[in-house]
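Coordinates from my_file_16.csv are shown below (CSV, C-alpha atoms and all ligand atoms).
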```
chain,number,residue,atom,x,y,z
A,1,MET,CA,3.0,-30.6,22.1
A,2,SER,CA,4.7,-27.6,23.8
A,3,THR,CA,2.7,-24.9,25.4
A,4,TRP,CA,3.2,-21.3,24.4
A,5,LEU,CA,1.8,-18.3,26.4
A,6,VAL,CA,1.2,-15.5,23.8
A,7,THR,CA,0.7,-12.1,25.4
A,8,GLY,CA,-1.3,-9.4,23.5
A,9,ALA,CA,-3.5,-12.0,21.8
A,10,HIS,CA,-5.9,-9.4,20.6
A,11,GLY,CA,-3.1,-7.4,19.0
A,12,PHE,CA,-1.6,-7.5,15.4
A,13,LEU,CA,1.3,-9.8,16.2
A,14,GLY,CA,-0.4,-11.8,19.0
A,15,SER,CA,-3.4,-12.7,16.9
A,16,ASN,CA,-1.1,-13.8,14.0
A,17,ALA,CA,0.8,-15.9,16.5
A,18,GLY,CA,-2.4,-17.7,17.4
A,19,ALA,CA,-3.1,-18.5,13.8
A,20,PHE,CA,0.5,-19.5,13.1
A,21,LEU,CA,0.7,-21.9,16.1
A,22,GLU,CA,-2.7,-23.5,15.6
A,23,GLY,CA,-2.0,-27.3,15.3
A,24,LYS,CA,1.7,-26.8,16.1
A,25,ALA,CA,1.5,-26.1,19.9
A,26,GLU,CA,-0.9,-25.6,22.8
A,27,THR,CA,-1.5,-21.9,23.1
A,28,VAL,CA,-2.8,-19.7,25.9
A,29,GLY,CA,-3.7,-16.2,24.6
A,30,GLN,CA,-3.4,-13.4,27.2
A,31,VAL,CA,-6.0,-10.6,26.7
A,32,ARG,CA,-7.0,-7.7,28.8
A,33,THR,CA,-10.7,-8.2,28.3
A,34,GLY,CA,-12.9,-10.8,26.7
A,35,SER,CA,-11.4,-14.0,25.2
A,36,ALA,CA,-8.8,-14.8,22.6
A,37,ALA,CA,-9.7,-15.9,19.1
A,38,THR,CA,-10.6,-19.6,18.6
A,39,THR,CA,-7.2,-20.2,17.0
A,40,PHE,CA,-5.9,-20.3,20.6
A,41,THR,CA,-6.4,-23.4,22.7
A,42,ALA,CA,-7.3,-21.2,25.8
A,43,SER,CA,-7.5,-17.6,27.0
A,44,ALA,CA,-6.2,-15.8,30.1
A,45,GLU,CA,-7.7,-12.5,31.0
A,46,LEU,CA,-5.3,-10.2,32.9
A,47,ASP,CA,-3.4,-6.9,32.8
A,48,LEU,CA,0.3,-7.5,32.5
A,49,THR,CA,1.1,-4.6,34.9
A,50,ASP,CA,-0.4,-6.8,37.7
A,51,ALA,CA,2.8,-8.7,38.6
A,52,ALA,CA,1.1,-11.1,41.1
A,53,SER,CA,-1.4,-12.2,38.5
A,54,VAL,CA,1.4,-12.6,35.9
A,55,SER,CA,3.3,-14.9,38.3
A,56,ALA,CA,0.2,-16.9,39.2
A,57,LEU,CA,-0.7,-17.4,35.6
A,58,ILE,CA,2.7,-18.7,34.6
A,59,GLN,CA,2.9,-21.0,37.6
A,60,SER,CA,-0.4,-22.5,36.7
A,61,ILE,CA,0.2,-22.9,32.9
A,62,GLN,CA,4.0,-23.9,33.1
A,63,PRO,CA,4.5,-22.8,29.5
A,64,SER,CA,7.6,-23.9,27.6
A,65,VAL,CA,7.7,-20.6,25.7
A,66,ILE,CA,6.4,-17.1,26.6
A,67,PHE,CA,5.9,-15.2,23.4
A,68,HIS,CA,5.7,-11.6,24.6
A,69,ALA,CA,3.8,-9.6,21.9
A,70,ALA,CA,1.9,-7.2,24.2
A,71,ALA,CA,3.2,-3.6,24.4
A,72,MET,CA,2.3,0.0,24.3
A,73,SER,CA,3.2,-0.1,20.7
A,74,SER,CA,2.5,3.3,19.3
A,75,HIS,CA,5.2,6.0,19.2
A,76,GLU,CA,2.5,8.7,19.7
A,77,THR,CA,0.9,7.1,22.8
A,78,CYS,CA,4.3,6.5,24.4
A,79,GLU,CA,5.3,10.2,23.8
A,80,GLN,CA,2.1,11.2,25.5
A,81,ASP,CA,2.5,8.8,28.5
A,82,PRO,CA,6.2,8.1,29.1
A,83,ALA,CA,5.5,6.6,32.6
A,84,GLY,CA,2.8,4.3,31.1
A,85,ALA,CA,5.2,3.2,28.4
A,86,MET,CA,7.9,2.3,30.9
A,87,LEU,CA,5.3,0.4,33.1
A,88,VAL,CA,4.0,-1.7,30.2
A,89,ASN,CA,7.1,-2.1,28.0
A,90,ALA,CA,9.8,-2.4,30.7
A,91,THR,CA,8.3,-3.1,34.2
A,92,ALA,CA,5.7,-5.7,33.0
A,93,THR,CA,8.3,-7.3,30.7
A,94,ALA,CA,10.5,-7.7,33.8
A,95,SER,CA,7.7,-9.5,35.7
A,96,LEU,CA,7.2,-11.8,32.8
A,97,ALA,CA,10.9,-12.6,32.4
A,98,LYS,CA,11.3,-13.3,36.1
A,99,ALA,CA,8.3,-15.6,36.0
A,100,ALA,CA,9.7,-17.3,32.9
A,101,SER,CA,13.0,-17.8,34.7
A,102,SER,CA,11.3,-19.4,37.7
A,103,CYS,CA,9.5,-22.0,35.7
A,104,GLY,CA,12.2,-22.6,33.1
A,105,ALA,CA,10.3,-21.2,30.1
A,106,LEU,CA,12.0,-19.6,27.1
A,107,MET,CA,11.3,-15.9,27.2
A,108,VAL,CA,10.8,-14.5,23.7
A,109,TYR,CA,10.7,-10.7,23.8
A,110,VAL,CA,9.6,-8.9,20.6
A,111,SER,CA,11.6,-5.7,20.3
A,112,THR,CA,12.0,-3.2,17.6
A,113,ASP,CA,14.2,-1.5,15.0
A,114,ALA,CA,13.4,1.7,16.8
A,115,VAL,CA,16.0,1.0,19.5
A,116,PHE,CA,18.4,2.5,16.8
A,117,ASP,CA,18.4,6.2,15.9
A,118,GLY,CA,18.1,5.5,12.1
A,119,SER,CA,21.0,7.8,11.1
A,120,ARG,CA,22.8,5.0,9.2
A,121,GLY,CA,20.8,1.7,8.7
A,122,SER,CA,21.9,-1.9,8.2
A,123,TYR,CA,22.2,-2.3,11.9
A,124,ALA,CA,23.8,-5.4,13.3
A,125,GLU,CA,23.0,-7.0,16.7
A,126,THR,CA,26.4,-5.7,18.0
A,127,ASP,CA,25.7,-2.0,17.1
A,128,VAL,CA,25.0,0.4,19.9
A,129,ALA,CA,21.3,1.2,20.4
A,130,ASN,CA,20.4,4.8,20.6
A,131,PRO,CA,16.6,5.2,20.6
A,132,PHE,CA,15.1,8.4,19.2
A,133,SER,CA,11.7,8.1,20.9
A,134,VAL,CA,10.1,7.2,24.3
A,135,TYR,CA,8.7,4.1,22.6
A,136,GLY,CA,12.3,3.0,21.6
A,137,GLN,CA,13.7,3.9,25.1
A,138,SER,CA,11.0,1.8,26.8
A,139,LYS,CA,11.5,-1.2,24.4
A,140,LEU,CA,15.2,-1.0,25.0
A,141,ALA,CA,14.6,-1.0,28.8
A,142,GLY,CA,12.4,-4.1,28.2
A,143,GLU,CA,15.4,-5.8,26.5
A,144,ASP,CA,17.6,-4.9,29.4
A,145,ALA,CA,15.0,-6.3,31.9
A,146,VAL,CA,14.9,-9.6,30.0
A,147,ARG,CA,18.7,-10.0,29.9
A,148,ALA,CA,18.9,-9.2,33.6
A,149,ALA,CA,16.2,-11.8,34.5
A,150,THR,CA,17.1,-14.8,32.4
A,151,ASP,CA,19.7,-16.1,30.0
A,152,HIS,CA,17.1,-18.4,28.5
A,153,HIS,CA,15.7,-15.7,26.2
A,154,LEU,CA,15.3,-14.6,22.6
A,155,ILE,CA,15.2,-10.9,21.9
A,156,LEU,CA,13.9,-10.3,18.4
A,157,ARG,CA,14.3,-6.9,16.9
A,158,THR,CA,12.0,-6.5,14.0
A,159,ASN,CA,9.5,-4.5,12.0
A,160,PHE,CA,6.6,-6.3,10.3
A,161,PHE,CA,3.5,-6.0,8.1
A,162,GLY,CA,0.5,-8.2,7.4
A,163,TRP,CA,-3.1,-8.7,8.1
A,164,SER,CA,-4.6,-7.6,11.5
A,165,PRO,CA,-7.9,-8.3,13.3
A,166,SER,CA,-9.0,-4.6,12.8
A,167,GLY,CA,-8.0,-4.6,9.1
A,168,THR,CA,-6.3,-1.2,9.7
A,169,ARG,CA,-3.2,-1.9,11.9
A,170,SER,CA,-0.4,-2.4,9.4
A,171,ILE,CA,1.3,-0.5,6.5
A,172,LEU,CA,0.2,-3.3,4.1
A,173,GLU,CA,-3.4,-2.7,5.0
A,174,PHE,CA,-2.9,1.1,4.8
A,175,PHE,CA,-1.8,0.7,1.1
A,176,VAL,CA,-4.2,-2.1,0.1
A,177,ASN,CA,-7.2,-0.3,1.7
A,178,GLY,CA,-6.2,3.0,0.1
A,179,PHE,CA,-5.6,1.5,-3.4
A,180,ARG,CA,-8.9,-0.4,-3.2
A,181,SER,CA,-10.9,2.7,-2.2
A,182,ARG,CA,-9.1,4.7,-4.9
A,183,SER,CA,-7.6,7.2,-2.4
A,184,GLN,CA,-4.7,9.5,-3.2
A,185,MET,CA,-1.8,8.5,-0.9
A,186,THR,CA,1.7,9.7,0.0
A,187,GLY,CA,4.5,7.2,0.5
A,188,TYR,CA,7.6,8.5,2.3
A,189,THR,CA,10.8,8.3,0.4
A,190,ASP,CA,12.9,9.2,3.4
A,191,PHE,CA,11.8,6.5,5.8
A,192,THR,CA,13.4,3.1,5.2
A,193,VAL,CA,12.9,-0.2,6.9
A,194,THR,CA,13.5,-4.0,6.4
A,195,SER,CA,9.9,-4.9,7.3
A,196,ILE,CA,9.0,-8.6,7.3
A,197,TYR,CA,5.7,-10.3,6.6
A,198,VAL,CA,4.4,-11.2,10.1
A,199,GLN,CA,3.8,-14.9,9.3
A,200,GLN,CA,7.4,-15.1,8.1
A,201,LEU,CA,8.6,-13.5,11.3
A,202,LEU,CA,6.7,-16.2,13.2
A,203,SER,CA,8.1,-18.9,11.1
A,204,ALA,CA,11.7,-17.6,11.8
A,205,THR,CA,10.9,-17.4,15.5
A,206,ALA,CA,9.6,-21.0,15.5
A,207,ALA,CA,12.8,-22.1,13.7
A,208,LEU,CA,15.0,-20.3,16.3
A,209,VAL,CA,13.0,-21.9,19.2
A,210,GLU,CA,13.3,-25.3,17.5
A,211,ARG,CA,17.1,-25.0,17.2
A,212,GLY,CA,17.4,-24.0,20.9
A,213,SER,CA,18.9,-20.6,19.9
A,214,THR,CA,19.1,-17.9,22.5
A,215,GLY,CA,20.3,-14.2,22.5
A,216,THR,CA,19.5,-11.2,20.4
A,217,PHE,CA,18.5,-11.5,16.7
A,218,HIS,CA,17.4,-9.1,14.0
A,219,VAL,CA,14.4,-10.8,12.3
A,220,ALA,CA,13.6,-8.9,9.2
A,221,SER,CA,13.5,-9.0,5.4
A,222,HIS,CA,16.9,-9.0,3.8
A,223,ASP,CA,16.2,-5.9,1.7
A,224,ALA,CA,15.5,-2.3,2.7
A,225,LEU,CA,12.7,-0.4,1.1
A,226,SER,CA,11.3,3.1,1.6
A,227,LYS,CA,7.6,3.4,2.4
A,228,PHE,CA,7.1,4.7,-1.1
A,229,GLU,CA,8.9,1.7,-2.7
A,230,PHE,CA,6.9,-0.7,-0.4
A,231,GLY,CA,3.6,0.9,-1.6
A,232,ARG,CA,4.6,0.6,-5.2
A,233,THR,CA,5.4,-3.1,-4.6
A,234,VAL,CA,1.9,-3.6,-3.0
A,235,ALA,CA,0.2,-2.0,-6.0
A,236,LYS,CA,2.1,-4.3,-8.4
A,237,THR,CA,1.5,-7.5,-6.4
A,238,PHE,CA,-2.2,-6.8,-5.8
A,239,ALA,CA,-2.7,-5.5,-9.4
A,240,LEU,CA,-3.9,-2.1,-8.1
A,241,ASP,CA,-3.5,1.4,-9.5
A,242,ALA,CA,0.0,2.6,-8.6
A,243,SER,CA,-0.8,6.1,-9.9
A,244,LEU,CA,-2.7,6.8,-6.7
A,245,LEU,CA,0.6,6.7,-4.8
A,246,HIS,CA,2.8,9.8,-4.7
A,247,PRO,CA,6.3,10.2,-3.3
A,248,GLY,CA,6.6,12.5,-0.3
A,249,ASP,CA,8.8,13.6,2.5
A,250,SER,CA,7.9,12.5,6.1
A,251,THR,CA,9.1,15.8,7.6
A,252,ALA,CA,6.1,17.5,5.9
A,253,ALA,CA,3.7,15.3,8.0
A,254,ASP,CA,2.5,16.0,11.6
A,255,HIS,CA,4.3,13.3,13.6
A,256,SER,CA,5.3,13.7,17.2
A,257,THR,CA,8.5,11.7,16.4
A,258,SER,CA,10.1,12.4,13.1
A,259,ARG,CA,10.2,9.5,10.6
A,260,ASN,CA,13.0,10.5,8.2
A,261,ARG,CA,15.3,7.6,9.1
A,262,ASP,CA,16.9,4.4,7.9
A,263,LEU,CA,16.1,1.8,10.5
A,264,SER,CA,17.1,-1.2,8.3
A,265,LEU,CA,18.4,-4.2,10.1
A,266,SER,CA,21.1,-6.6,9.0
A,267,THR,CA,19.9,-10.2,8.9
A,268,ALA,CA,23.4,-11.8,8.5
A,269,LYS,CA,23.3,-13.4,12.0
A,270,LEU,CA,19.8,-14.8,11.6
A,271,GLU,CA,20.7,-16.2,8.1
A,272,SER,CA,23.9,-17.8,9.4
A,273,VAL,CA,22.0,-19.5,12.3
A,274,LEU,CA,19.0,-20.6,10.2
A,275,GLY,CA,21.1,-21.6,7.2
A,276,TYR,CA,18.8,-19.9,4.7
A,277,PRO,CA,18.2,-16.3,3.5
A,278,SER,CA,15.5,-14.1,4.9
A,279,PRO,CA,12.8,-13.3,2.4
A,280,SER,CA,12.6,-10.0,0.4
A,281,GLN,CA,9.8,-7.6,1.2
A,282,ALA,CA,8.4,-8.4,-2.3
A,283,GLU,CA,8.3,-12.1,-1.4
A,284,GLY,CA,6.5,-11.2,1.9
A,285,ILE,CA,3.9,-9.1,0.1
A,286,ALA,CA,3.3,-11.9,-2.4
A,287,THR,CA,2.8,-14.4,0.4
A,288,ALA,CA,0.4,-11.9,2.1
A,289,TYR,CA,-1.5,-11.6,-1.1
A,290,ASP,CA,-1.8,-15.4,-1.3
A,291,ASN,CA,-2.9,-15.7,2.4
A,292,GLU,CA,-5.4,-12.8,2.5
A,293,ALA,CA,-8.8,-14.6,2.3
A,294,ALA,CA,-7.9,-17.6,4.6
A,295,LEU,CA,-5.9,-15.6,7.2
A,296,THR,CA,-8.2,-12.6,7.6
A,297,GLY,CA,-11.1,-14.9,8.2
A,298,ARG,CA,-9.3,-16.7,11.0
A,299,LEU,CA,-7.9,-13.4,12.6
A,300,ARG,CA,-11.4,-11.8,12.5
A,301,GLY,CA,-13.4,-14.9,13.6
A,302,LYS,CA,-15.4,-15.4,16.8
A,303,GLY,CA,-13.6,-14.1,19.9
A,304,ALA,CA,-11.0,-12.1,17.9
A,305,GLY,CA,-10.5,-8.4,18.5
A,306,ALA,CA,-11.1,-6.4,21.6
B,1,LIG,N1,3.8,-3.4,14.4
B,1,LIG,C1,5.2,-3.3,14.1
B,1,LIG,O1,5.6,-3.2,13.0
B,1,LIG,C2,6.2,-3.5,15.2
B,1,LIG,C3,7.5,-3.2,14.9
B,1,LIG,C4,8.5,-3.5,15.8
B,1,LIG,C5,8.2,-4.0,17.0
B,1,LIG,N2,6.9,-4.3,17.3
B,1,LIG,C6,6.6,-4.9,18.6
B,1,LIG,O2,5.8,-6.1,18.4
B,1,LIG,C7,5.0,-6.3,19.5
B,1,LIG,C8,3.5,-6.4,18.9
B,1,LIG,O3,3.2,-5.2,18.3
B,1,LIG,P1,1.7,-5.1,17.6
B,1,LIG,O4,1.9,-4.2,16.4
B,1,LIG,O5,1.1,-6.4,17.5
B,1,LIG,O6,1.0,-4.3,18.8
B,1,LIG,P2,-0.6,-4.1,19.0
B,1,LIG,O7,-1.4,-4.5,17.8
B,1,LIG,O8,-0.8,-2.7,19.5
B,1,LIG,O9,-0.9,-5.1,20.2
B,1,LIG,C9,-0.4,-4.9,21.4
B,1,LIG,C10,-1.2,-5.7,22.4
B,1,LIG,O10,-0.7,-5.4,23.7
B,1,LIG,C11,-1.8,-5.4,24.6
B,1,LIG,N3,-1.5,-4.7,25.8
B,1,LIG,C12,-1.1,-3.4,25.9
B,1,LIG,N4,-0.9,-3.1,27.3
B,1,LIG,C13,-1.2,-4.2,27.9
B,1,LIG,C14,-1.2,-4.5,29.4
B,1,LIG,N5,-0.9,-3.6,30.3
B,1,LIG,N6,-1.6,-5.7,29.7
B,1,LIG,C15,-1.9,-6.7,28.8
B,1,LIG,N7,-1.9,-6.4,27.5
B,1,LIG,C16,-1.6,-5.2,27.1
B,1,LIG,C17,-2.9,-4.7,23.9
B,1,LIG,O11,-4.1,-5.1,24.5
B,1,LIG,P3,-5.5,-4.5,24.1
B,1,LIG,O12,-5.9,-5.3,22.9
B,1,LIG,O13,-6.3,-4.8,25.3
B,1,LIG,O14,-5.3,-3.1,23.9
B,1,LIG,C18,-2.7,-5.3,22.5
B,1,LIG,O15,-3.5,-6.5,22.3
B,1,LIG,C19,5.2,-5.1,20.4
B,1,LIG,O16,6.1,-5.5,21.4
B,1,LIG,C20,5.8,-4.1,19.6
B,1,LIG,O17,6.6,-3.2,20.3
B,1,LIG,C21,5.9,-4.0,16.5
```
Will you turn the file into structure tokens for me?
Amino acid sequence: MSTWLVTGAHGFLGSNAGAFLEGKAETVGQVRTGSAATTFTASAELDLTDAASVSALIQSIQPSVIFHAAAMSSHETCEQDPAGAMLVNATATASLAKAASSCGALMVYVSTDAVFDGSRGSYAETDVANPFSVYGQSKLAGEDAVRAATDHHLILRTNFFGWSPSGTRSILEFFVNGFRSRSQMTGYTDFTVTSIYVQQLLSATAALVERGSTGTFHVASHDALSKFEFGRTVAKTFALDASLLHPGDSTAADHSTSRNRDLSLSTAKLESVLGYPSPSQAEGIATAYDNEAALTGRLRGKGAGA
């Protein structure tokens, strides 16, 4: 079995990666404190801004794949701490990519649709990035650091939903929790993305790794939905009361970075390499519905969560 180092193992994506890879690969889950969930083969406790520790860990594990899911991932936190955002999202990424290069590992960097400005949508890998936020700037700087350190990389621009260790991390959980507690909710009609179910993102990633693909890919659902349309689809799939959801305008909300954008990604390159279509968001929501009981138990089991 190959060995994958998964950074950010307590996070939304990192914890899902541990569950996805269980039985398929040896996995070391990097966490800042405590230990990774029992879905991981082993844990490594360190802060990724400590370059010497990063290098020592990678030399000792000799992973075949570094799946870099750790980040300062909130737009708001990055706006408040731009230097911290660059340190975690760009400088620490550079350390990992250099260490990956020195041991021959494939560096998989999880980037974001927020490298684009959202004025148009349907972005291809060849389109010019123009981030609208500190978060997007720092993630784009992370992409550049990876490209500079090693050609043996995958840069995956994405946006995803699913189940998280906390139960509150994702847009899917926002709507499911809200419908189940009978809360009145607003779904933005002016914020559009091609979000993909996180386990489908991991499946596409594994398929790219399996094929030996390298370079930059947009890994997303094939259809764009507004947050309002996404919420309506959640209500229908989970048989919950859609009348609790109201259409609204994101510019009325108090966000430090405005959300009225079309950040949809074209999946044409991914589909041509994999030879099959990306799922629709409705298909992803349906799979998440089917997975809920089994997956949330594994994500929230012993050792999971910070
Ligand atoms: N969520 C989305 O829809 C989305 C969309 C596009 C791209 N992405 C990208 O996908 C990746 C995963 O996102 P996510 O939603 O899973 O984020 P998340 O839940 O916030 O998890 C991020 C993880 O990074 C860890 N981390 C932060 N700073 C660290 C440091 N200095 N050293 C070590 N670990 C550190 C955190 O550790 P602690 O647990 O100790 O805080 C946390 O476990 C990120 O690269 C993000 O930019 C996410």
If we draw a sphere of 10 Å around (-11.6, -16.4, 18.3), which residues have at least one atom in it when counting all atoms listed in the file? Please report them as a PDB file with C-alpha atoms, in the frame of the given file.
```pdb
ATOM      1  CA  ALA A   9      -3.500 -12.000  21.800  1.00  0.00           C
ATOM      2  CA  HIS A  10      -5.900  -9.400  20.600  1.00  0.00           C
ATOM      3  CA  SER A  15      -3.400 -12.700  16.900  1.00  0.00           C
ATOM      4  CA  GLY A  18      -2.400 -17.700  17.400  1.00  0.00           C
ATOM      5  CA  ALA A  19      -3.100 -18.500  13.800  1.00  0.00           C
ATOM      6  CA  SER A  35     -11.400 -14.000  25.200  1.00  0.00           C
ATOM      7  CA  ALA A  36      -8.800 -14.800  22.600  1.00  0.00           C
ATOM      8  CA  ALA A  37      -9.700 -15.900  19.100  1.00  0.00           C
ATOM      9  CA  THR A  38     -10.600 -19.600  18.600  1.00  0.00           C
ATOM     10  CA  THR A  39      -7.200 -20.200  17.000  1.00  0.00           C
ATOM     11  CA  PHE A  40      -5.900 -20.300  20.600  1.00  0.00           C
ATOM     12  CA  THR A  41      -6.400 -23.400  22.700  1.00  0.00           C
ATOM     13  CA  ALA A  42      -7.300 -21.200  25.800  1.00  0.00           C
ATOM     14  CA  SER A  43      -7.500 -17.600  27.000  1.00  0.00           C
ATOM     15  CA  ARG A 298      -9.300 -16.700  11.000  1.00  0.00           C
ATOM     16  CA  LEU A 299      -7.900 -13.400  12.600  1.00  0.00           C
ATOM     17  CA  ARG A 300     -11.400 -11.800  12.500  1.00  0.00           C
ATOM     18  CA  GLY A 301     -13.400 -14.900  13.600  1.00  0.00           C
ATOM     19  CA  LYS A 302     -15.400 -15.400  16.800  1.00  0.00           C
ATOM     20  CA  GLY A 303     -13.600 -14.100  19.900  1.00  0.00           C
ATOM     21  CA  ALA A 304     -11.000 -12.100  17.900  1.00  0.00           C
ATOM     22  CA  GLY A 305     -10.500  -8.400  18.500  1.00  0.00           C
TER      23      GLY A 305
END
```
Selection as JSON, numbers by chain: residues within 6 Å of ligand LIG 1 (chain B) by only C-alpha atoms and all ligand atoms: {"A": [8, 9, 10, 11, 12, 13, 14, 31, 32, 47, 48, 49, 69, 70, 71, 72, 73, 88, 110, 111, 112, 158, 159, 160, 306]}
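Each of A:Ala124, A:Ala94, A:Ala239, A:Ile66 was checked against Leu154 of chain A using only C-alpha atoms; the smallest atom-to-atom distance is that of A:Ile66.
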Residue neighbourhood segment 202-206 of chain A, 8 Å, all atoms listed in the file, exclusion window fewer than 2 positions, as a VMD selection string: chain A and resid 17 20 198 to 200 208 to 210 219
Since we have the selection now, will you write its residues out, keeping C-alpha atoms, as a compact mmCIF listing (two decimals), keeping the file's coordinate frame?
```
# COMPACT_ATOMS: atom_id res chain seq x y z
CA ALA A 17 0.80 -15.90 16.50
CA PHE A 20 0.50 -19.50 13.10
CA VAL A 198 4.40 -11.20 10.10
CA GLN A 199 3.80 -14.90 9.30
CA GLN A 200 7.40 -15.10 8.10
CA LEU A 208 15.00 -20.30 16.30
CA VAL A 209 13.00 -21.90 19.20
CA GLU A 210 13.30 -25.30 17.50
CA VAL A 219 14.40 -10.80 12.30
```
Long-range neighbours of segment 139-147 of chain A as a list of chain:residue names, 7 Å cut-off, only C-alpha atoms, 4 positions minimum in chain: A:Asn89, A:Ala90, A:Thr93, A:Ala94, A:Ala97, A:Ser111, A:Val115, A:Tyr135, A:Asp151, A:Ile155
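The space separating atom CA of Ala253 of chain A from atom CA of Gly187 of chain A comes to 11.1 Å.
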Separation of atom CA of Ser74 of chain A from atom CA of Thr168 of chain A, in Å and rounded to one decimal: 13.8 Å
Point-to-point distance from atom CA of Ser195 of chain A to atom CA of Pro131 of chain A, Å rounded to tenths: 18.0 Å
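Summary of the local environment: counting only C-alpha atoms, residues at most 12 Å from Phe116 of chain A, other than itself and those fewer than 5 positions away along its chain, are Ser111, Gly121, Ser122, Tyr123, Ala124, Glu125, Thr126, Asp127, Val128, Ala129, Asn130, Pro131, Phe132, Ser133, Tyr135, Gly136, Gln137, Lys139, Leu140, Arg157, Thr158, Val193, His218, Arg261, Asp262, Leu263, Ser264 and Leu265 of chain A.
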Selected residue, from A:Ser102, A:Thr7, A:Thr194, A:Asn16, that lies nearest to Pro165 of chain A when counting only C-alpha atoms: A:Asn16
Residues within 10 Å of Gln80 of chain A, all atoms listed in the file, excluding chain neighbours under 4 positions, as a PyMOL selection string: chain A and resi 75-76+84-85+134+256
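Ranking A:Thr287, A:Gln184, A:Thr267, A:Ser95 by their shortest atom-to-atom distance to Leu244 of chain A, with all atoms listed in the file included, puts A:Gln184 first.
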12 Å contact set for Met185 of chain A, only C-alpha atoms, chain neighbours under 2 positions out, as a ChimeraX atom specification: /A:174-183,187-188,227-228,231-232,235,241-248
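Comparing the minimum interatomic distances between Met86 of chain A and each of A:Ser138, A:Phe217, A:Asp249, A:Ala268, counting all atoms listed in the file, we find that A:Ser138 sits nearest.
Remark: for Ala220 of chain A, the closest of the candidate residues A:Pro279, A:Gly167, A:Gly29, A:Gly162 is A:Pro279 (distances computed over only C-alpha atoms).
With all atoms listed in the file as the basis for measurement, A:Ser221 is the residue among A:Val65, A:Ser221, A:Leu295, A:Ala149 that approaches Pro277 of chain A most closely.
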Local residues around (1.8, -28.4, 21.4), at most 7 Å away, using all atoms listed in the file, as a VMD selection string: chain A and resid 1 to 3 24 to 26
